[in-house]
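Participant: Compact mmCIF, C-alpha atoms, saved as my_file.txt, coming up:
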```txt
# COMPACT_ATOMS: atom_id res chain seq x y z
CA MET A 1 17.80 -7.53 -14.19
CA ALA A 2 15.86 -8.14 -17.37
CA ARG A 3 14.07 -5.61 -19.55
CA ARG A 4 11.89 -7.04 -22.26
CA GLU A 5 9.49 -5.85 -24.93
CA TYR A 6 6.55 -7.75 -26.36
CA ARG A 7 4.91 -6.25 -29.43
CA THR A 8 2.09 -6.34 -31.90
CA ASP A 9 1.09 -3.76 -34.49
CA GLU A 10 -1.14 -2.11 -31.86
CA ILE A 11 0.88 -2.16 -28.63
CA VAL A 12 4.36 -2.62 -27.23
CA VAL A 13 4.45 -3.98 -23.67
CA HIS A 14 7.57 -3.12 -21.68
CA TRP A 15 8.63 -5.16 -18.65
CA ASP A 16 11.42 -4.22 -16.24
CA SER A 17 12.00 -7.06 -13.78
CA SER A 18 14.04 -4.80 -11.47
CA ARG A 19 10.91 -2.80 -10.66
CA CYS A 20 8.47 -5.71 -10.24
CA ILE A 21 7.19 -6.29 -6.68
CA HIS A 22 5.15 -9.35 -7.63
CA THR A 23 1.69 -8.16 -6.61
CA GLY A 24 0.21 -10.55 -9.18
CA ILE A 25 -2.31 -7.96 -10.36
CA CYS A 26 -1.40 -8.61 -13.99
CA LEU A 27 -1.71 -12.39 -13.58
CA ARG A 28 -5.13 -12.15 -11.94
CA SER A 29 -6.46 -9.39 -14.18
CA LEU A 30 -5.55 -10.80 -17.60
CA HIS A 31 -4.30 -14.36 -17.31
CA SER A 32 -4.58 -14.93 -21.07
CA VAL A 33 -1.77 -12.39 -21.60
CA PHE A 34 0.23 -12.62 -18.35
CA ASN A 35 0.89 -16.26 -17.49
CA LEU A 36 3.96 -17.52 -15.61
CA ARG A 37 3.45 -21.08 -16.86
CA ARG A 38 4.25 -19.98 -20.40
CA LYS A 39 7.51 -18.91 -22.06
CA PRO A 40 7.57 -16.04 -22.71
CA TRP A 41 5.24 -15.17 -19.87
CA VAL A 42 3.68 -12.25 -21.82
CA ASP A 43 1.60 -12.99 -24.94
CA VAL A 44 0.35 -9.67 -26.32
CA ARG A 45 -1.59 -11.47 -29.05
CA ALA A 46 -3.88 -13.15 -26.49
CA ALA A 47 -6.12 -10.12 -25.85
CA ALA A 48 -7.15 -6.79 -27.30
CA ALA A 49 -4.74 -3.89 -26.81
CA GLU A 50 -7.29 -1.98 -24.69
CA GLU A 51 -7.60 -4.91 -22.26
CA ILE A 52 -3.81 -5.06 -21.98
CA VAL A 53 -3.62 -1.30 -21.36
CA ALA A 54 -6.25 -1.49 -18.60
CA THR A 55 -4.29 -4.24 -16.86
CA ILE A 56 -0.89 -2.55 -17.21
CA GLU A 57 -2.22 0.67 -15.72
CA LYS A 58 -3.06 -1.30 -12.54
CA CYS A 59 0.60 -2.29 -12.06
CA PRO A 60 1.69 -0.33 -8.97
CA SER A 61 5.43 -0.49 -9.56
CA GLY A 62 5.62 0.55 -13.21
CA ALA A 63 7.43 -2.71 -13.98
CA LEU A 64 4.87 -3.11 -16.74
CA GLY A 65 4.42 -0.25 -19.17
CA TYR A 66 3.29 0.24 -22.72
CA THR A 67 3.65 2.40 -25.77
CA ARG A 68 1.60 2.53 -28.93
CA PRO A 69 3.37 2.31 -32.30
CA GLU A 70 0.76 4.75 -33.57
CA GLY A 71 -1.17 6.96 -31.18
CA PRO A 72 -0.81 8.02 -27.58
CA GLY A 73 0.81 5.87 -24.93
CA GLU A 74 0.16 5.98 -21.23
CA ALA A 75 -0.96 9.37 -19.93
CA ALA A 76 0.27 10.95 -16.72
CA PRO A 77 -2.28 11.26 -13.93
CA ASP A 78 -3.62 14.80 -13.46
CA VAL A 79 -2.31 14.91 -9.88
CA THR A 80 0.90 13.43 -8.49
CA THR A 81 0.25 11.38 -5.36
CA ILE A 82 2.38 9.44 -2.89
CA VAL A 83 0.46 7.01 -0.71
CA PRO A 84 2.03 4.73 1.92
CA SER A 85 1.01 1.11 1.69
CA PRO A 86 0.38 -0.25 5.20
CA GLY A 87 3.59 -2.03 6.19
CA GLY A 88 4.99 -1.61 2.68
CA PRO A 89 6.26 0.79 0.05
CA LEU A 90 5.20 4.24 -1.06
CA PHE A 91 2.90 4.06 -4.08
CA VAL A 92 3.78 6.95 -6.39
CA ARG A 93 1.49 8.10 -9.21
CA GLY A 94 2.29 11.05 -11.46
CA ASP A 95 4.86 12.32 -13.92
CA VAL A 96 7.88 11.46 -11.76
CA GLU A 97 11.63 11.36 -12.25
CA VAL A 98 13.93 9.63 -9.75
CA ARG A 99 17.45 11.03 -9.77
CA ASP A 100 20.63 9.90 -8.05
CA ALA A 101 22.71 12.09 -5.71
CA ASP A 102 24.58 13.54 -8.71
CA GLY A 103 21.37 14.44 -10.54
CA GLY A 104 21.54 11.53 -13.00
CA LEU A 105 18.23 10.09 -14.11
CA MET A 106 17.59 6.68 -12.54
CA ALA A 107 14.00 6.23 -13.67
CA ALA A 108 11.07 8.16 -15.04
CA GLY A 109 7.46 7.13 -15.27
CA TYR A 110 3.93 7.45 -14.01
CA ARG A 111 3.87 4.58 -11.49
CA MET A 112 6.52 3.56 -8.96
CA THR A 113 6.85 1.79 -5.62
CA LEU A 114 9.53 3.37 -3.48
CA CYS A 115 11.12 1.70 -0.46
CA ARG A 116 10.34 3.13 2.94
CA CYS A 117 11.77 0.39 5.15
CA GLY A 118 15.36 1.24 4.17
CA HIS A 119 16.34 -2.37 3.48
CA SER A 120 15.76 -2.69 -0.27
CA GLN A 121 18.75 -3.90 -2.28
CA ASN A 122 17.29 -1.95 -5.21
CA GLN A 123 17.11 1.52 -3.62
CA PRO A 124 15.17 3.69 -3.96
CA PHE A 125 12.70 1.11 -5.30
CA CYS A 126 10.91 -1.50 -3.21
CA ASP A 127 12.13 -5.09 -3.53
CA LEU A 128 9.80 -6.49 -0.83
CA SER A 129 12.55 -6.44 1.83
CA HIS A 130 9.99 -4.94 4.23
CA ARG A 131 8.49 -8.43 4.51
CA ASP A 132 11.81 -10.01 5.51
CA VAL A 133 12.68 -7.39 8.12
CA GLY A 134 9.24 -7.11 9.69
CA PHE A 135 8.78 -3.45 8.81
CA THR A 136 5.79 -1.85 10.50
CA ASP A 137 4.30 1.59 10.20
CA ASN A 138 4.64 4.26 12.81
CA PRO A 139 1.09 4.13 14.28
CA ARG A 140 0.99 7.91 14.73
CA VAL A 141 1.82 8.58 11.09
CA ILE A 142 -0.90 6.22 9.92
CA ALA A 143 -3.45 7.73 12.35
CA ASP A 144 -2.54 11.28 11.25
CA HIS A 145 -2.79 10.27 7.59
CA ARG A 146 -6.21 8.68 8.11
CA GLN A 147 -7.45 11.82 9.89
CA GLU A 148 -6.30 14.01 6.99
CA ALA A 149 -7.95 11.69 4.48
CA ALA A 150 -11.21 11.75 6.46
CA ASP A 151 -11.16 15.56 6.70
CA PRO A 152 -9.64 17.00 3.48
CA SER A 153 -10.34 20.57 4.68
CA GLY A 154 -7.44 20.24 7.08
CA VAL A 155 -9.65 21.26 10.00
CA SER A 156 -9.95 18.57 12.63
CA GLU A 157 -12.35 18.52 15.54
CA GLN A 158 -9.42 19.15 17.88
CA SER A 159 -8.32 22.31 16.07
CA THR A 160 -11.77 23.94 15.90
CA GLY A 161 -11.61 24.81 19.58
```
Kindly return the structure encoded in the file as structure tokens.
Facilitator:
Amino acid sequence: MARREYRTDEIVVHWDSSRCIHTGICLRSLHSVFNLRRKPWVDVRAAAAEEIVATIEKCPSGALGYTRPEGPGEAAPDVTTIVPSPGGPLFVRGDVEVRDADGGLMAAGYRMTLCRCGHSQNQPFCDLSHRDVGFTDNPRVIADHRQEAADPSGVSEQSTG
């Protein structure tokens, strides 16, 4: 899989094709920079660095990232979260390291999409295999998750007696 960098004096955009799940958020958010009809498909000179940063930080998989030649790069979210996408991967946000069974670092970053269907050929990352295999959520897990989200105190009507 390809890893590429696209740079100006203000920003370096990193792209790791092995992590991309093709949501198209970058294409829709900033088409002047991210355009599949152009070679290369990323033109960091087509918009201001802050616009590029705002778009990259929407990328759920972390396939797109950035650094700044001078100044801070992407900041870790204050809280690490893992949220299941209905019928899809786990969306991970936070300062996260993924390690293999021997403890070797596979990936580190602030945004990742991890497979939960078990069929990805790029484990532990999502490769959209859930679409091919017809993966569906366990309805009870989704219902329990929605109840917790609706009542962050952890006290449900059923448990108040």
Participant: Can you list every residue of region 39-150 of chain A that has an atom at most 8 Å from region 1-24 of chain A, with its nearest atom pair and the distance in Å to one decimal, using only C-alpha atoms, ordered by chain then number, as a Markdown table?
Facilitator:
```
| residue | atom | partner | partner_atom | distance |
| --- | --- | --- | --- | --- |
| A:Val42 | CA | A:Tyr6 | CA | 7.0 |
| A:Asp43 | CA | A:Tyr6 | CA | 7.3 |
| A:Val44 | CA | A:Tyr6 | CA | 6.5 |
| A:Arg45 | CA | A:Thr8 | CA | 6.9 |
| A:Ala49 | CA | A:Ile11 | CA | 6.2 |
| A:Ser61 | CA | A:Arg19 | CA | 6.0 |
| A:Gly62 | CA | A:Arg19 | CA | 6.8 |
| A:Ala63 | CA | A:Arg19 | CA | 4.8 |
| A:Leu64 | CA | A:Trp15 | CA | 4.7 |
| A:Gly65 | CA | A:His14 | CA | 4.9 |
| A:Tyr66 | CA | A:Val13 | CA | 4.5 |
| A:Thr67 | CA | A:Val12 | CA | 5.3 |
| A:Arg68 | CA | A:Ile11 | CA | 4.8 |
| A:Pro69 | CA | A:Ile11 | CA | 6.3 |
| A:Glu70 | CA | A:Glu10 | CA | 7.3 |
| A:Met112 | CA | A:Arg19 | CA | 7.9 |
| A:Thr113 | CA | A:Arg19 | CA | 7.9 |
| A:Asn122 | CA | A:Ser18 | CA | 7.6 |
| A:Phe125 | CA | A:Arg19 | CA | 6.9 |
| A:Cys126 | CA | A:Ile21 | CA | 7.0 |
| A:Asp127 | CA | A:Ile21 | CA | 6.0 |
| A:Leu128 | CA | A:Ile21 | CA | 6.4 |
```
Participant: A:Ser129, A:Ser120, A:Thr55, A:Ser85: which is nearest Cys26 (chain A), counting all atoms listed in the file?
Facilitator: A:Thr55
Participant: Please provide the set of residues having any atom within 7 Å of Glu97 (chain A), restricted to all atoms listed in the file, with same-chain residues fewer than 3 positions apart removed, written as an mmCIF file with C-alpha atoms, in the coordinates of the input.
Facilitator:
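Generated output (out_38.cif):
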```cif
data_model
loop_
_atom_site.group_PDB
_atom_site.id
_atom_site.type_symbol
_atom_site.label_atom_id
_atom_site.label_comp_id
_atom_site.auth_asym_id
_atom_site.auth_seq_id
_atom_site.Cartn_x
_atom_site.Cartn_y
_atom_site.Cartn_z
ATOM 1 C CA LEU A 105 18.230 10.090 -14.110
ATOM 2 C CA ALA A 107 14.000 6.230 -13.670
ATOM 3 C CA ALA A 108 11.070 8.160 -15.040
ATOM 4 C CA GLY A 109 7.460 7.130 -15.270
#
```
Participant: Considering only C-alpha atoms, state which residue in the set A:Gly87, A:Gly103, A:Arg111, A:Asp95 is at the smallest distance from Gly134 (chain A).
Facilitator: A:Gly87
Participant: What does the structure give for the distance between CA of Pro86 (chain A) and CA of Thr136 (chain A), in Å to one decimal?
Facilitator: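 Between CA of Pro86 (chain A) and CA of Thr136 (chain A) the gap is 7.7 Å.
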